[in-house]
Amino acid sequence: MDSATSDRAALRATADNGLKIVVVGGFGVGKTTMVRSVSEIRPLNTEETMTRAGEAVDHLDGVGSKTSTTVAFDFGRITLDERSVLYLFGAPGQERFWFLWDRLFSGTLGAVVLVDTRRLADSWYAIDRLEHHGTPFIVACNDFGGPLHTEQQIREALDISPDVPLVECDARDRSSSKYVLITLVKHLHRLSAARTGDTPAPAEGTPALTPEPTP
């Protein structure tokens with residue numbers, strides 16, 4: 001079976017509800033890595049090699065070893081249940097590509113703000129734009145082995161309210177990335193229930209990401 005056939009087979013015929021999620025954050029925080037790790041299809045990446053021509057406009061503090069950058073967006077897909085599919089869009093982190101963010105946010109149900117705790121200030125713009133659009137989001141701290149911060153310190157540095165979920169993750173790890181998406185889906189479910197006045201369903205009733213097949 002070729003890859004195209006395999007990708008089509010991964011989408012159930014009963015799936016009729018496409019949910020758009022954006023992974024956003026500063027440059028080099030692991031957005032492309034997260035989309036790659038969790039997508040059930042071969043992800044679309046628009047990474048290009050970084051050149052000396054971009055040195056004057058790109059901010060490389062703390063990511064000097066990075067050799068490529070996303071110039072449009074990343075795209076992946078993962079099944080939530082038999083009728084719902086999650087479409088993942090990874091936003092470009094370089095400031096010169098931020099003009100694309102408003103278009104990516106259009107039609108988005110929610111977002112993951114991926115942060116590097118060594119460079120928390122790089123996430124301010126992402127949070128500002130999401131709040132401007134009224135897009136619900138959670139914050140995921142990617143593990144780069146940096147200095148330890150308490151949850152309160154991170155919330156104060158990012159100026160996020162207590163009702164915004166804050167989780168730790170390793171974007172390279174599929175199960176860890178899935179946990180981040182599950183947290184976002186549950187957060188969106190709670191917000192929807194609060195708006196409609198419904199009682200939120202118990203945790204086991206919340207759509208969950210399809211587990212890995214047992215070898």
# chains A, B, ... in the order shown; residues from 1 in each chain; ligands from 1

call {"tool": "residues_around", "arguments": {"residues": "region 114-126 of chain A", "least_positions_apart": "3", "cutoff": "9 Å", "atoms": "only C-alpha atoms", "output": "ChimeraX atom specification"}}
result
/A:23-31,61-62,101,129-131,138-149,154,157-159,171

call {"tool": "select_by_dssp", "arguments": {"residues": "region 145-203 of chain A", "states": "strand (DSSP E)", "output": "list in words"}}
result
Leu166, Val167, Glu168 and Cys169 of chain A

call {"tool": "write_last_selection", "arguments": {"atoms": "C-alpha atoms", "output": "PDB file, in the first residue's frame"}}
result
ATOM      1  CA  LEU A 166      -0.814  24.986  31.853  1.00  0.00           C
ATOM      2  CA  VAL A 167       0.935  21.674  31.147  1.00  0.00           C
ATOM      3  CA  GLU A 168       4.453  20.356  30.650  1.00  0.00           C
ATOM      4  CA  CYS A 169       5.355  18.333  27.572  1.00  0.00           C
TER       5      CYS A 169
END

call {"tool": "closest_residue", "arguments": {"among": "A:His133, A:Ile160, A:Gly110, A:Thr150", "to": "Leu191 (chain A)", "atoms": "only C-alpha atoms"}}
result
A:Gly110

call {"tool": "closest_residue", "arguments": {"among": "A:Gly18, A:Thr33, A:Asp128, A:Ala111", "to": "Val85 (chain A)", "atoms": "only C-alpha atoms"}}
result
A:Gly18
